[in-house]
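Source file structure.pdb; content: PDB, C-alpha atoms and all ligand atoms.
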```pdb
ATOM      1  CA  MET A 171     -44.225 -17.533   4.437
ATOM      2  CA  ASN A 172     -44.215 -19.880   1.492
ATOM      3  CA  ILE A 173     -47.212 -18.123   0.005
ATOM      4  CA  PHE A 174     -45.540 -14.752   0.519
ATOM      5  CA  LYS A 175     -42.375 -16.021  -1.180
ATOM      6  CA  SER A 176     -44.199 -17.479  -4.144
ATOM      7  CA  SER A 177     -46.390 -14.397  -4.577
ATOM      8  CA  ARG A 178     -43.234 -12.283  -4.603
ATOM      9  CA  LEU A 179     -41.844 -14.587  -7.253
ATOM     10  CA  VAL A 180     -45.016 -14.247  -9.291
ATOM     11  CA  SER A 181     -44.996 -10.465  -9.117
ATOM     12  CA  ARG A 182     -41.316 -10.397 -10.034
ATOM     13  CA  SER A 183     -42.033 -12.593 -13.030
ATOM     14  CA  LEU A 184     -44.931 -10.359 -13.992
ATOM     15  CA  ILE A 185     -42.815  -7.237 -13.703
ATOM     16  CA  GLY A 186     -40.149  -9.002 -15.754
ATOM     17  CA  ALA A 187     -42.634  -9.995 -18.426
ATOM     18  CA  VAL A 188     -44.236  -6.549 -18.561
ATOM     19  CA  GLY A 189     -40.795  -4.938 -18.641
ATOM     20  CA  LEU A 190     -39.701  -7.131 -21.517
ATOM     21  CA  SER A 191     -42.897  -6.402 -23.449
ATOM     22  CA  ALA A 192     -42.374  -2.672 -22.940
ATOM     23  CA  ILE A 193     -38.788  -2.969 -24.154
ATOM     24  CA  ALA A 194     -39.938  -5.043 -27.103
ATOM     25  CA  LEU A 195     -42.557  -2.441 -28.026
ATOM     26  CA  LEU A 196     -40.206   0.501 -27.589
ATOM     27  CA  GLY A 197     -37.298  -1.202 -29.317
ATOM     28  CA  SER A 198     -39.237  -2.608 -32.248
ATOM     29  CA  PRO A 199     -38.864  -0.758 -35.525
ATOM     30  CA  GLU A 200     -41.908  -0.343 -37.763
ATOM     31  CA  ALA A 201     -40.789  -3.348 -39.807
ATOM     32  CA  VAL A 202     -41.942  -5.736 -37.065
ATOM     33  CA  LYS A 203     -45.539  -4.830 -37.832
ATOM     34  CA  ALA A 204     -45.071  -5.768 -41.476
ATOM     35  CA  ALA A 205     -43.137  -8.941 -40.724
ATOM     36  CA  ASP A 206     -44.598 -11.366 -38.220
ATOM     37  CA  ILE A 207     -42.221 -12.803 -35.660
ATOM     38  CA  VAL A 208     -41.829 -16.506 -36.384
ATOM     39  CA  CYS A 209     -39.096 -17.360 -33.847
ATOM     40  CA  LEU A 210     -39.909 -15.459 -30.658
ATOM     41  CA  PRO A 211     -37.037 -13.699 -28.877
ATOM     42  CA  GLY A 212     -36.089 -15.031 -25.454
ATOM     43  CA  VAL A 213     -33.745 -17.392 -23.659
ATOM     44  CA  ASP A 214     -32.961 -20.492 -25.752
ATOM     45  CA  TRP A 215     -35.102 -19.163 -28.634
ATOM     46  CA  VAL A 216     -33.446 -21.399 -31.243
ATOM     47  CA  ASN A 217     -34.835 -24.557 -29.635
ATOM     48  CA  ASN A 218     -38.338 -23.021 -29.778
ATOM     49  CA  CYS A 219     -38.142 -22.085 -33.463
ATOM     50  CA  ASP A 220     -40.082 -24.131 -36.027
ATOM     51  CA  SER A 221     -38.727 -24.766 -39.523
ATOM     52  CA  GLY A 222     -39.717 -22.421 -42.339
ATOM     53  CA  ILE A 223     -38.535 -20.118 -45.105
ATOM     54  CA  ASP A 224     -37.725 -16.434 -44.555
ATOM     55  CA  MET A 225     -37.762 -13.988 -47.474
ATOM     56  CA  PHE A 226     -36.223 -10.539 -47.470
ATOM     57  CA  ALA A 227     -34.542  -7.816 -49.510
ATOM     58  CA  SER A 228     -30.770  -7.542 -49.218
ATOM     59  CA  THR A 229     -27.671  -5.662 -50.306
ATOM     60  CA  LEU A 230     -24.246  -7.121 -51.068
ATOM     61  CA  ASP A 231     -20.894  -5.322 -51.210
ATOM     62  CA  LEU A 232     -18.201  -7.454 -52.867
ATOM     63  CA  ASN A 233     -14.635  -6.344 -53.583
ATOM     64  CA  VAL A 234     -12.768  -8.549 -56.010
ATOM     65  CA  ASN A 235      -9.341  -8.235 -57.621
ATOM     66  CA  LEU A 236      -9.527  -9.404 -61.252
ATOM     67  CA  ASP A 237      -6.775 -10.636 -63.590
ATOM     68  CA  LEU A 238      -8.096  -8.922 -66.713
ATOM     69  CA  ASP A 239      -4.842  -9.201 -68.727
ATOM     70  CA  GLY A 240      -4.586 -12.922 -68.054
ATOM     71  CA  ASP A 241      -0.999 -12.950 -66.749
ATOM     72  CA  GLY A 242      -2.028 -14.876 -63.652
ATOM     73  CA  ILE A 243      -1.737 -11.852 -61.346
ATOM     74  CA  PRO A 244      -4.935 -10.024 -60.289
ATOM     75  CA  GLU A 245      -4.361  -6.323 -61.011
ATOM     76  CA  THR A 246      -7.820  -4.711 -61.208
ATOM     77  CA  PRO A 247      -9.726  -4.185 -57.932
ATOM     78  CA  VAL A 248     -13.454  -3.851 -58.579
ATOM     79  CA  THR A 249     -16.197  -2.915 -56.129
ATOM     80  CA  LEU A 250     -19.472  -4.660 -56.888
ATOM     81  CA  GLU A 251     -22.528  -3.267 -55.119
ATOM     82  CA  ALA A 252     -25.553  -5.481 -55.646
ATOM     83  CA  SER A 253     -29.087  -5.175 -54.341
ATOM     84  CA  SER A 254     -32.470  -6.791 -54.655
ATOM     85  CA  GLY A 255     -34.126  -3.373 -54.504
ATOM     86  CA  SER A 256     -37.340  -3.853 -52.558
ATOM     87  CA  SER A 257     -37.862  -7.386 -53.967
ATOM     88  CA  LYS A 258     -37.534 -10.179 -51.423
ATOM     89  CA  THR A 259     -35.258 -12.282 -53.617
ATOM     90  CA  THR A 260     -33.090 -13.458 -50.725
ATOM     91  CA  GLN A 261     -34.523 -16.617 -49.163
ATOM     92  CA  VAL A 262     -33.335 -18.633 -46.203
ATOM     93  CA  TRP A 263     -34.669 -22.061 -45.382
ATOM     94  CA  ARG A 264     -34.233 -23.173 -41.751
ATOM     95  CA  GLY A 265     -34.812 -26.657 -40.449
ATOM     96  CA  ASP A 266     -36.171 -27.855 -37.130
ATOM     97  CA  PRO A 267     -33.975 -27.185 -34.073
ATOM     98  CA  MET A 268     -31.504 -29.905 -33.029
ATOM     99  CA  ASN A 269     -29.668 -29.292 -29.735
ATOM    100  CA  GLY A 270     -29.695 -25.521 -30.160
ATOM    101  CA  THR A 271     -28.783 -25.546 -33.852
ATOM    102  CA  LEU A 272     -30.828 -24.811 -36.980
ATOM    103  CA  GLN A 273     -29.515 -25.966 -40.356
ATOM    104  CA  THR A 274     -30.032 -23.266 -42.982
ATOM    105  CA  GLU A 275     -29.799 -22.862 -46.757
ATOM    106  CA  ILE A 276     -29.578 -19.492 -48.516
ATOM    107  CA  SER A 277     -30.546 -18.598 -52.049
ATOM    108  CA  LEU A 278     -30.303 -15.117 -53.528
ATOM    109  CA  PHE A 279     -30.426 -13.114 -56.741
ATOM    110  CA  LEU A 280     -29.086  -9.544 -56.740
ATOM    111  CA  THR A 281     -28.272  -7.003 -59.443
ATOM    112  CA  GLY A 282     -26.044  -3.971 -59.754
ATOM    113  CA  THR A 283     -24.020  -1.804 -62.087
ATOM    114  CA  SER A 284     -20.228  -2.110 -62.226
ATOM    115  CA  PRO A 285     -17.631  -0.156 -64.241
ATOM    116  CA  PHE A 286     -18.158  -2.931 -66.843
ATOM    117  CA  GLY A 287     -21.934  -2.536 -66.991
ATOM    118  CA  ASP A 288     -24.873  -4.327 -65.396
ATOM    119  CA  PHE A 289     -24.121  -7.498 -63.482
ATOM    120  CA  GLN A 290     -25.980 -10.161 -61.493
ATOM    121  CA  ILE A 291     -24.967 -12.167 -58.446
ATOM    122  CA  ILE A 292     -26.567 -15.539 -57.856
ATOM    123  CA  ALA A 293     -25.864 -17.594 -54.746
ATOM    124  CA  GLY A 294     -27.357 -20.887 -53.682
ATOM    125  CA  ASP A 295     -28.996 -23.616 -55.755
ATOM    126  CA  GLY A 296     -32.240 -21.648 -56.264
ATOM    127  CA  ASN A 297     -34.320 -24.035 -54.155
ATOM    128  CA  PRO A 298     -33.973 -23.289 -50.427
ATOM    129  CA  ASN A 299     -35.051 -26.611 -48.876
ATOM    130  CA  GLY A 300     -32.042 -27.964 -46.961
ATOM    131  CA  ILE A 301     -31.089 -30.255 -49.861
ATOM    132  CA  ASN A 302     -28.223 -29.912 -52.370
ATOM    133  CA  ASP A 303     -30.067 -29.314 -55.670
ATOM    134  CA  GLY A 304     -27.260 -27.777 -57.707
ATOM    135  CA  PRO A 305     -23.668 -26.568 -58.000
ATOM    136  CA  LEU A 306     -24.150 -23.344 -55.979
ATOM    137  CA  TYR A 307     -25.761 -25.036 -52.959
ATOM    138  CA  SER A 308     -25.043 -22.729 -49.976
ATOM    139  CA  GLU A 309     -25.751 -23.977 -46.477
ATOM    140  CA  GLY A 310     -25.323 -22.518 -43.012
ATOM    141  CA  GLN A 311     -26.231 -22.771 -39.361
ATOM    142  CA  ILE A 312     -27.841 -20.764 -36.574
ATOM    143  CA  THR A 313     -26.492 -21.831 -33.168
ATOM    144  CA  GLN A 314     -27.772 -20.808 -29.745
ATOM    145  CA  ARG A 315     -25.184 -19.098 -27.558
ATOM    146  CA  VAL A 316     -24.597 -20.293 -24.003
ATOM    147  CA  ASP A 317     -24.712 -17.765 -21.171
ATOM    148  CA  ASP A 318     -21.392 -16.758 -19.648
ATOM    149  CA  PRO A 319     -22.208 -16.386 -15.913
ATOM    150  CA  ASN A 320     -19.296 -13.931 -15.535
ATOM    151  CA  THR A 321     -20.996 -11.340 -17.710
ATOM    152  CA  PRO A 322     -24.111  -9.363 -16.761
ATOM    153  CA  GLU A 323     -26.043  -9.997 -19.967
ATOM    154  CA  ASP A 324     -27.685 -13.318 -20.736
ATOM    155  CA  GLU A 325     -25.983 -14.478 -23.932
ATOM    156  CA  SER A 326     -28.477 -17.343 -24.299
ATOM    157  CA  VAL A 327     -30.921 -14.824 -25.790
ATOM    158  CA  PHE A 328     -28.607 -14.613 -28.831
ATOM    159  CA  ALA A 329     -27.509 -17.045 -31.528
ATOM    160  CA  ASP A 330     -24.525 -17.113 -33.872
ATOM    161  CA  SER A 331     -25.128 -17.556 -37.571
ATOM    162  CA  PHE A 332     -23.090 -18.140 -40.703
ATOM    163  CA  PHE A 333     -23.538 -19.176 -44.333
ATOM    164  CA  ASP A 334     -21.028 -21.039 -46.533
ATOM    165  CA  VAL A 335     -21.733 -19.387 -49.858
ATOM    166  CA  LEU A 336     -21.042 -20.446 -53.441
ATOM    167  CA  PHE A 337     -21.836 -17.691 -55.923
ATOM    168  CA  GLU A 338     -21.787 -16.829 -59.604
ATOM    169  CA  ILE A 339     -21.352 -13.305 -60.957
ATOM    170  CA  GLN A 340     -22.605 -12.648 -64.490
ATOM    171  CA  GLY A 341     -21.795  -9.548 -66.527
ATOM    172  CA  LEU A 342     -18.040  -9.183 -65.974
ATOM    173  CA  PRO A 343     -15.481  -9.297 -68.819
ATOM    174  CA  GLY A 344     -14.778 -12.830 -70.087
ATOM    175  CA  GLY A 345     -17.970 -14.462 -68.805
ATOM    176  CA  PRO A 346     -19.387 -15.610 -65.480
ATOM    177  CA  ILE A 347     -17.099 -16.140 -62.476
ATOM    178  CA  ARG A 348     -17.591 -18.527 -59.571
ATOM    179  CA  ASN A 349     -15.794 -19.448 -56.378
ATOM    180  CA  GLN A 350     -14.901 -23.124 -55.901
ATOM    181  CA  SER A 351     -14.495 -23.021 -52.115
ATOM    182  CA  PRO A 352     -17.487 -21.583 -50.267
ATOM    183  CA  ILE A 353     -16.928 -18.285 -48.506
ATOM    184  CA  ARG A 354     -18.088 -18.212 -44.897
ATOM    185  CA  MET A 355     -20.272 -15.180 -44.186
ATOM    186  CA  MET A 356     -20.381 -14.599 -40.421
ATOM    187  CA  GLY A 357     -23.098 -12.655 -38.628
ATOM    188  CA  ALA A 358     -21.579  -9.606 -36.902
ATOM    189  CA  ARG A 359     -24.320  -9.539 -34.239
ATOM    190  CA  GLY A 360     -26.026 -12.138 -32.114
ATOM    191  CA  LEU A 361     -29.437 -12.996 -33.575
ATOM    192  CA  ALA A 362     -32.246 -12.434 -31.067
ATOM    193  CA  GLY A 363     -35.003 -14.196 -33.036
ATOM    194  CA  LEU A 364     -36.437 -14.241 -36.557
ATOM    195  CA  THR A 365     -39.363 -12.748 -38.421
ATOM    196  CA  GLU A 366     -40.868 -13.959 -41.686
ATOM    197  CA  GLU A 367     -38.295 -11.561 -43.183
ATOM    198  CA  GLY A 368     -35.471 -13.410 -41.438
ATOM    199  CA  PRO A 369     -33.409 -11.144 -39.186
ATOM    200  CA  VAL A 370     -35.119  -8.001 -40.554
ATOM    201  CA  GLY A 371     -37.381  -6.139 -38.171
ATOM    202  CA  LEU A 372     -36.002  -7.305 -34.826
ATOM    203  CA  PRO A 373     -33.361  -5.568 -32.700
ATOM    204  CA  HIS A 374     -30.432  -7.969 -32.359
ATOM    205  CA  GLY A 375     -27.249  -7.958 -30.258
ATOM    206  CA  PRO A 376     -24.519  -5.292 -30.366
ATOM    207  CA  PHE A 377     -22.191  -5.050 -33.371
ATOM    208  CA  GLU A 378     -19.255  -7.336 -32.572
ATOM    209  CA  SER A 379     -16.927  -7.408 -35.570
ATOM    210  CA  SER A 380     -13.421  -5.984 -35.096
ATOM    211  CA  ASP A 381     -12.777  -6.347 -38.826
ATOM    212  CA  PRO A 382     -12.273  -2.844 -40.316
ATOM    213  CA  ASP A 383     -13.851  -4.047 -43.599
ATOM    214  CA  CYS A 384     -17.031  -5.051 -41.768
ATOM    215  CA  LYS A 385     -19.138  -1.905 -41.730
ATOM    216  CA  GLU A 386     -21.711  -1.313 -39.018
ATOM    217  CA  PHE A 387     -25.100  -0.272 -40.356
ATOM    218  CA  THR A 388     -27.145   1.106 -37.490
ATOM    219  CA  PHE A 389     -30.419   0.961 -39.414
ATOM    220  CA  VAL A 390     -30.195  -2.741 -40.189
ATOM    221  CA  THR A 391     -30.559  -5.676 -37.885
ATOM    222  CA  VAL A 392     -27.467  -7.763 -38.667
ATOM    223  CA  GLU A 393     -24.449  -7.564 -40.978
ATOM    224  CA  TYR A 394     -22.732 -10.623 -42.498
ATOM    225  CA  CYS A 395     -19.052 -10.170 -43.282
ATOM    226  CA  TYR A 396     -16.150 -12.054 -44.779
ATOM    227  CA  ILE A 397     -12.683 -10.763 -45.615
ATOM    228  CA  SER A 398     -10.536 -13.842 -46.279
ATOM    229  CA  ASN A 399      -9.446 -14.200 -49.873
ATOM    230  CA  THR A 400     -11.268 -16.685 -52.076
ATOM    231  CA  GLU A 401     -10.214 -17.342 -55.654
ATOM    232  CA  VAL A 402     -12.746 -16.914 -58.463
ATOM    233  CA  PHE A 403     -12.756 -18.899 -61.700
ATOM    234  CA  GLN A 404     -14.149 -18.832 -65.236
ATOM    235  CA  ASP A 405     -15.239 -21.640 -67.531
ATOM    236  CA  GLN A 406     -13.069 -20.536 -70.447
ATOM    237  CA  ASP A 407     -13.320 -23.790 -72.446
ATOM    238  CA  GLY A 408     -17.105 -23.887 -72.047
ATOM    239  CA  ASP A 409     -17.303 -27.427 -70.641
ATOM    240  CA  GLY A 410     -19.359 -26.393 -67.619
ATOM    241  CA  THR A 411     -16.541 -26.549 -65.056
ATOM    242  CA  PHE A 412     -15.014 -23.307 -63.775
ATOM    243  CA  GLU A 413     -11.296 -24.053 -63.858
ATOM    244  CA  THR A 414      -9.471 -20.878 -64.948
ATOM    245  CA  ARG A 415      -8.436 -18.639 -62.055
ATOM    246  CA  VAL A 416      -9.356 -15.047 -62.929
ATOM    247  CA  GLY A 417      -9.147 -13.241 -59.615
ATOM    248  CA  ILE A 418      -9.532 -13.242 -55.883
ATOM    249  CA  THR A 419     -12.063 -11.716 -53.508
ATOM    250  CA  LEU A 420     -10.853  -8.967 -51.164
ATOM    251  CA  SER A 421     -13.868  -8.508 -48.900
ATOM    252  CA  GLU A 422     -17.584  -9.186 -48.818
ATOM    253  CA  GLN A 423     -20.495  -7.879 -46.784
ATOM    254  CA  HIS A 424     -24.139  -8.917 -47.016
ATOM    255  CA  ILE A 425     -26.893  -6.915 -45.353
ATOM    256  CA  PRO A 426     -30.504  -8.017 -44.884
ATOM    257  CA  GLU A 427     -32.085  -4.672 -45.564
ATOM    258  CA  PRO A 428     -35.100  -3.134 -43.878
ATOM    259  CA  ILE A 429     -37.360  -1.400 -46.334
ATOM    260  CA  PRO A 430     -38.271   1.155 -47.525
ATOM    261  CA  GLU A 431     -36.526   4.271 -46.077
ATOM    262  CA  PRO A 432     -32.986   2.972 -45.382
ATOM    263  CA  SER A 433     -32.508   1.785 -48.969
ATOM    264  CA  ALA A 434     -32.207   5.441 -49.978
ATOM    265  CA  THR A 435     -29.244   5.797 -47.609
ATOM    266  CA  VAL A 436     -27.586   2.706 -49.077
ATOM    267  CA  SER A 437     -28.134   3.924 -52.629
ATOM    268  CA  LEU A 438     -26.512   7.244 -51.764
ATOM    269  CA  ALA A 439     -23.535   5.479 -50.161
ATOM    270  CA  LEU A 440     -23.168   3.177 -53.173
ATOM    271  CA  PHE A 441     -23.419   6.110 -55.544
ATOM    272  CA  GLY A 442     -20.619   7.775 -53.605
ATOM    273  CA  LEU A 443     -18.403   4.668 -53.780
ATOM    274  CA  ALA A 444     -19.028   4.250 -57.500
ATOM    275  CA  GLY A 445     -18.087   7.889 -57.990
ATOM    276  CA  ILE A 446     -14.810   7.412 -56.128
ATOM    277  CA  TRP A 447     -13.991   4.336 -58.222
ATOM    278  CA  ARG A 448     -14.619   6.271 -61.440
ATOM    279  CA  LEU A 449     -12.416   9.133 -60.270
ATOM    280  CA  LYS A 450      -9.612   6.704 -59.377
ATOM    281  CA  LYS A 451      -9.938   4.966 -62.722
ATOM    282  CA  LYS A 452      -9.919   8.243 -64.597
ATOM    283  CA  HIS A 453      -6.860   9.353 -62.667
ATOM    284  CA  SER A 454      -4.927   6.116 -63.230
ATOM    285  CA  LEU A 455      -5.628   6.234 -66.976
ATOM    286  CA  LYS A 456      -3.944   9.614 -67.334
TER     287      LYS A 456
HETATM  288 CA    CA B   1      -2.938  -9.588 -64.371
HETATM  289 CA    CA B   2     -31.621 -26.705 -52.132
HETATM  290 CA    CA B   3     -23.909 -13.650 -19.040
HETATM  291 CA    CA B   4     -14.304 -25.392 -68.157
END
```
Take the structure in this file and express it as structure tokens.
Ligand SMILES: [Ca+2]
Ligand SMILES: [Ca+2]
Ligand SMILES: [Ca+2]
Ligand SMILES: [Ca+2]
Amino acid sequence: MNIFKSSRLVSRSLIGAVGLSAIALLGSPEAVKAADIVCLPGVDWVNNCDSGIDMFASTLDLNVNLDLDGDGIPETPVTLEASSGSSKTTQVWRGDPMNGTLQTEISLFLTGTSPFGDFQIIAGDGNPNGINDGPLYSEGQITQRVDDPNTPEDESVFADSFFDVLFEIQGLPGGPIRNQSPIRMMGARGLAGLTEEGPVGLPHGPFESSDPDCKEFTFVTVEYCYISNTEVFQDQDGDGTFETRVGITLSEQHIPEPIPEPSATVSLALFGLAGIWRLKKKHSLK
């Protein structure tokens, strides 16, 4: 009786394991082959994840309202689409797990073309190591979810993640701009594990954001969104502190981007947005 019970348990576990492997194989995009899984998916995965650094390509969509005439009132909305191309210039350090939480630090360098010309976005202190090494230090957390027994799915296979980001944008009129208060970029899906390319290459949880400015990208693994306004400043007297308010952010979305095919889709979408902006500008000048 006992033997029968335990053998049934074993076969159930085996079926479960085989089933999961089959799902993993079927559900895994090609990117998984290129990027090794470093934090294996499964229940309580965060606590089984060793520290390391993930490197990936990414795309950023930032809308900012600038005060170009200096009257204290932002009047010029600008869409800034930045990308690393296929370069893995976005890096995330993650520490060892502590009670279901990983400390993280992000560092990125992205470029794009705005109505004012080429621009660059830098975020983080440039040294992703969990230590504050400079004025743009940007930290975050990955936190294991707890299962809600009232829902059919096991939420403990997912983790929440966010980054508190300080950035600098170079190439806009009047010099570089920075935020003084970090913006919190929230993951719009539950993370199901990590590869050496961070969240890229693994299927994660369903898209959860109800924010209309947070766009769902079906070909990527997770979207990070923020819509609350954050003021941006310039260092107009050149003393190294950014004290002059020159605008306010309207929305921001950051996408770890699988490569190579989907980048073409993004480029097309960005080209379309840039075209719309130019048309609007042309129209408003008349
Ligand atoms: Ca103004
Ligand atoms: Ca650092
Ligand atoms: Ca549940
Ligand atoms: Ca200054």
Explicit residue set for the PyMOL selection byres (((chain A and resi 353) around 7) and not hetatm), as a list in words: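 Evaluating the PyMOL selection byres (((chain A and resi 353) around 7) and not hetatm) on this file yields Asp334, Val335, Leu336, Ser351, Pro352, Arg354, Met355 and Thr400 of chain A.
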Give me a file of those residues, with C-alpha atoms, as a PDB file, in the frame of the given file.
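And here is the file that came out, again-v7.pdb:
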```pdb
ATOM      1  CA  ASP A 334     -21.028 -21.039 -46.533  1.00  0.00           C
ATOM      2  CA  VAL A 335     -21.733 -19.387 -49.858  1.00  0.00           C
ATOM      3  CA  LEU A 336     -21.042 -20.446 -53.441  1.00  0.00           C
ATOM      4  CA  SER A 351     -14.495 -23.021 -52.115  1.00  0.00           C
ATOM      5  CA  PRO A 352     -17.487 -21.583 -50.267  1.00  0.00           C
ATOM      6  CA  ARG A 354     -18.088 -18.212 -44.897  1.00  0.00           C
ATOM      7  CA  MET A 355     -20.272 -15.180 -44.186  1.00  0.00           C
ATOM      8  CA  THR A 400     -11.268 -16.685 -52.076  1.00  0.00           C
TER       9      THR A 400
END
```
Residue list as a PyMOL selection string for point (-23.3, -10.9, -37.4), cut-off 12 Å, only C-alpha atoms: chain A and resi 312+328-333+354-362+369+374-381+384-387+390-396+423-426
Test item: residues no farther than 8 Å from ligand CA 1 (chain B), counting all atoms listed in the file, as a PyMOL selection string: chain A and resi 236-246
Site check for ligand CA 3 (chain B): residues at most 8 Å away, only C-alpha atoms and all ligand atoms, as a list in words: Asp317, Asp318, Pro319, Asn320, Thr321, Pro322, Glu323, Asp324, Glu325 and Ser326 of chain A
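Neighbouring residues of ligand CA 2 (chain B) at a cut-off of 10 Å, counting only C-alpha atoms and all ligand atoms, are A:Trp263, A:Thr274, A:Glu275, A:Ile276, A:Ser277, A:Gly294, A:Asp295, A:Gly296, A:Asn297, A:Pro298, A:Asn299, A:Gly300, A:Ile301, A:Asn302, A:Asp303, A:Gly304, A:Pro305, A:Leu306, A:Tyr307, A:Ser308, A:Glu309.
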Residue subset to file, keeping C-alpha atoms, as a PDB file, keeping the file's coordinate frame:
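Contents of part_38.pdb, as written:
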```
ATOM      1  CA  TRP A 263     -34.669 -22.061 -45.382  1.00  0.00           C
ATOM      2  CA  THR A 274     -30.032 -23.266 -42.982  1.00  0.00           C
ATOM      3  CA  GLU A 275     -29.799 -22.862 -46.757  1.00  0.00           C
ATOM      4  CA  ILE A 276     -29.578 -19.492 -48.516  1.00  0.00           C
ATOM      5  CA  SER A 277     -30.546 -18.598 -52.049  1.00  0.00           C
ATOM      6  CA  GLY A 294     -27.357 -20.887 -53.682  1.00  0.00           C
ATOM      7  CA  ASP A 295     -28.996 -23.616 -55.755  1.00  0.00           C
ATOM      8  CA  GLY A 296     -32.240 -21.648 -56.264  1.00  0.00           C
ATOM      9  CA  ASN A 297     -34.320 -24.035 -54.155  1.00  0.00           C
ATOM     10  CA  PRO A 298     -33.973 -23.289 -50.427  1.00  0.00           C
ATOM     11  CA  ASN A 299     -35.051 -26.611 -48.876  1.00  0.00           C
ATOM     12  CA  GLY A 300     -32.042 -27.964 -46.961  1.00  0.00           C
ATOM     13  CA  ILE A 301     -31.089 -30.255 -49.861  1.00  0.00           C
ATOM     14  CA  ASN A 302     -28.223 -29.912 -52.370  1.00  0.00           C
ATOM     15  CA  ASP A 303     -30.067 -29.314 -55.670  1.00  0.00           C
ATOM     16  CA  GLY A 304     -27.260 -27.777 -57.707  1.00  0.00           C
ATOM     17  CA  PRO A 305     -23.668 -26.568 -58.000  1.00  0.00           C
ATOM     18  CA  LEU A 306     -24.150 -23.344 -55.979  1.00  0.00           C
ATOM     19  CA  TYR A 307     -25.761 -25.036 -52.959  1.00  0.00           C
ATOM     20  CA  SER A 308     -25.043 -22.729 -49.976  1.00  0.00           C
ATOM     21  CA  GLU A 309     -25.751 -23.977 -46.477  1.00  0.00           C
TER      22      GLU A 309
END
```
Report as an mmCIF file with C-alpha atoms, in the frame of the given file the full result of the PyMOL selection byres (((not hetatm)) within 7 of (chain B and resi 4)) when it is applied to this structure.
```cif
data_model
loop_
_atom_site.group_PDB
_atom_site.id
_atom_site.type_symbol
_atom_site.label_atom_id
_atom_site.label_comp_id
_atom_site.auth_asym_id
_atom_site.auth_seq_id
_atom_site.Cartn_x
_atom_site.Cartn_y
_atom_site.Cartn_z
ATOM 1 C CA ASP A 405 -15.239 -21.640 -67.531
ATOM 2 C CA GLN A 406 -13.069 -20.536 -70.447
ATOM 3 C CA ASP A 407 -13.320 -23.790 -72.446
ATOM 4 C CA GLY A 408 -17.105 -23.887 -72.047
ATOM 5 C CA ASP A 409 -17.303 -27.427 -70.641
ATOM 6 C CA GLY A 410 -19.359 -26.393 -67.619
ATOM 7 C CA THR A 411 -16.541 -26.549 -65.056
ATOM 8 C CA PHE A 412 -15.014 -23.307 -63.775
ATOM 9 C CA GLU A 413 -11.296 -24.053 -63.858
#
```
Point-to-point distance in Å for atom CA of A:Asn399 and atom CA of A:Thr419: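 Taking atom CA of A:Thr419 and atom CA of A:Asn399, their separation equals 5.1 Å.
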Minimum-distance residue to A:Pro373, chosen among A:Phe403, A:Lys258, A:Leu230, A:Val327 (using only C-alpha atoms): A:Val327
Spatial neighbours of A:Gly282, max dist 6 Å, only C-alpha atoms, sep filter under 2 positions, as a PyMOL selection string: chain A and resi 251-252+288-289
Using all atoms listed in the file: which of A:Gly222, A:Gly287, A:Pro247, A:Gly368 has the shortest distance to A:Gly265: A:Gly222
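Here atom CA of A:Pro211 stands at a distance of 18.6 Å from atom CA of A:Met225.
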Result set of the PyMOL selection byres (((chain A and resi 221) around 10) and not hetatm) on the coordinates above, as a ChimeraX atom specification: /A:208-209,218-220,222-224,263-267,272-274
Writer output for current selection, C-alpha atoms, as a PDB file, in the coordinates of the input:
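Output (result29.pdb):
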```pdb
ATOM      1  CA  VAL A 208     -41.829 -16.506 -36.384  1.00  0.00           C
ATOM      2  CA  CYS A 209     -39.096 -17.360 -33.847  1.00  0.00           C
ATOM      3  CA  ASN A 218     -38.338 -23.021 -29.778  1.00  0.00           C
ATOM      4  CA  CYS A 219     -38.142 -22.085 -33.463  1.00  0.00           C
ATOM      5  CA  ASP A 220     -40.082 -24.131 -36.027  1.00  0.00           C
ATOM      6  CA  GLY A 222     -39.717 -22.421 -42.339  1.00  0.00           C
ATOM      7  CA  ILE A 223     -38.535 -20.118 -45.105  1.00  0.00           C
ATOM      8  CA  ASP A 224     -37.725 -16.434 -44.555  1.00  0.00           C
ATOM      9  CA  TRP A 263     -34.669 -22.061 -45.382  1.00  0.00           C
ATOM     10  CA  ARG A 264     -34.233 -23.173 -41.751  1.00  0.00           C
ATOM     11  CA  GLY A 265     -34.812 -26.657 -40.449  1.00  0.00           C
ATOM     12  CA  ASP A 266     -36.171 -27.855 -37.130  1.00  0.00           C
ATOM     13  CA  PRO A 267     -33.975 -27.185 -34.073  1.00  0.00           C
ATOM     14  CA  LEU A 272     -30.828 -24.811 -36.980  1.00  0.00           C
ATOM     15  CA  GLN A 273     -29.515 -25.966 -40.356  1.00  0.00           C
ATOM     16  CA  THR A 274     -30.032 -23.266 -42.982  1.00  0.00           C
TER      17      THR A 274
END
```
Between atom CA of A:Asn269 and atom CA of A:Asp206 - distance in Å to one decimal: 24.8 Å
Selected residue, from A:Leu364, A:Gly417, A:Glu427, A:Gln290, that lies nearest to A:Thr388 when counting all atoms listed in the file: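 Among A:Leu364, A:Gly417, A:Glu427, A:Gln290, it is A:Glu427 that comes nearest to A:Thr388.
Residues in contact with A:Ile347 at up to 8 Å, not including ones fewer than 4 positions away on its chain and judged by only C-alpha atoms, are Glu338, Ile339, Gln340, Leu342, Val402, Phe403, Gln404, Asp405, Phe412 and Val416 of chain A.
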Contact residues around A:Ile207 with all atoms listed in the file at 10 Å, ignoring same-chain residues under 2 positions, as a list in words: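 Here the qualifying residues turn out to be Val202, Lys203, Ala204, Ala205, Cys209, Leu210, Pro211, Gly363, Leu364, Thr365, Glu366, Glu367, Gly368, Pro369, Val370, Gly371 and Leu372 of chain A.
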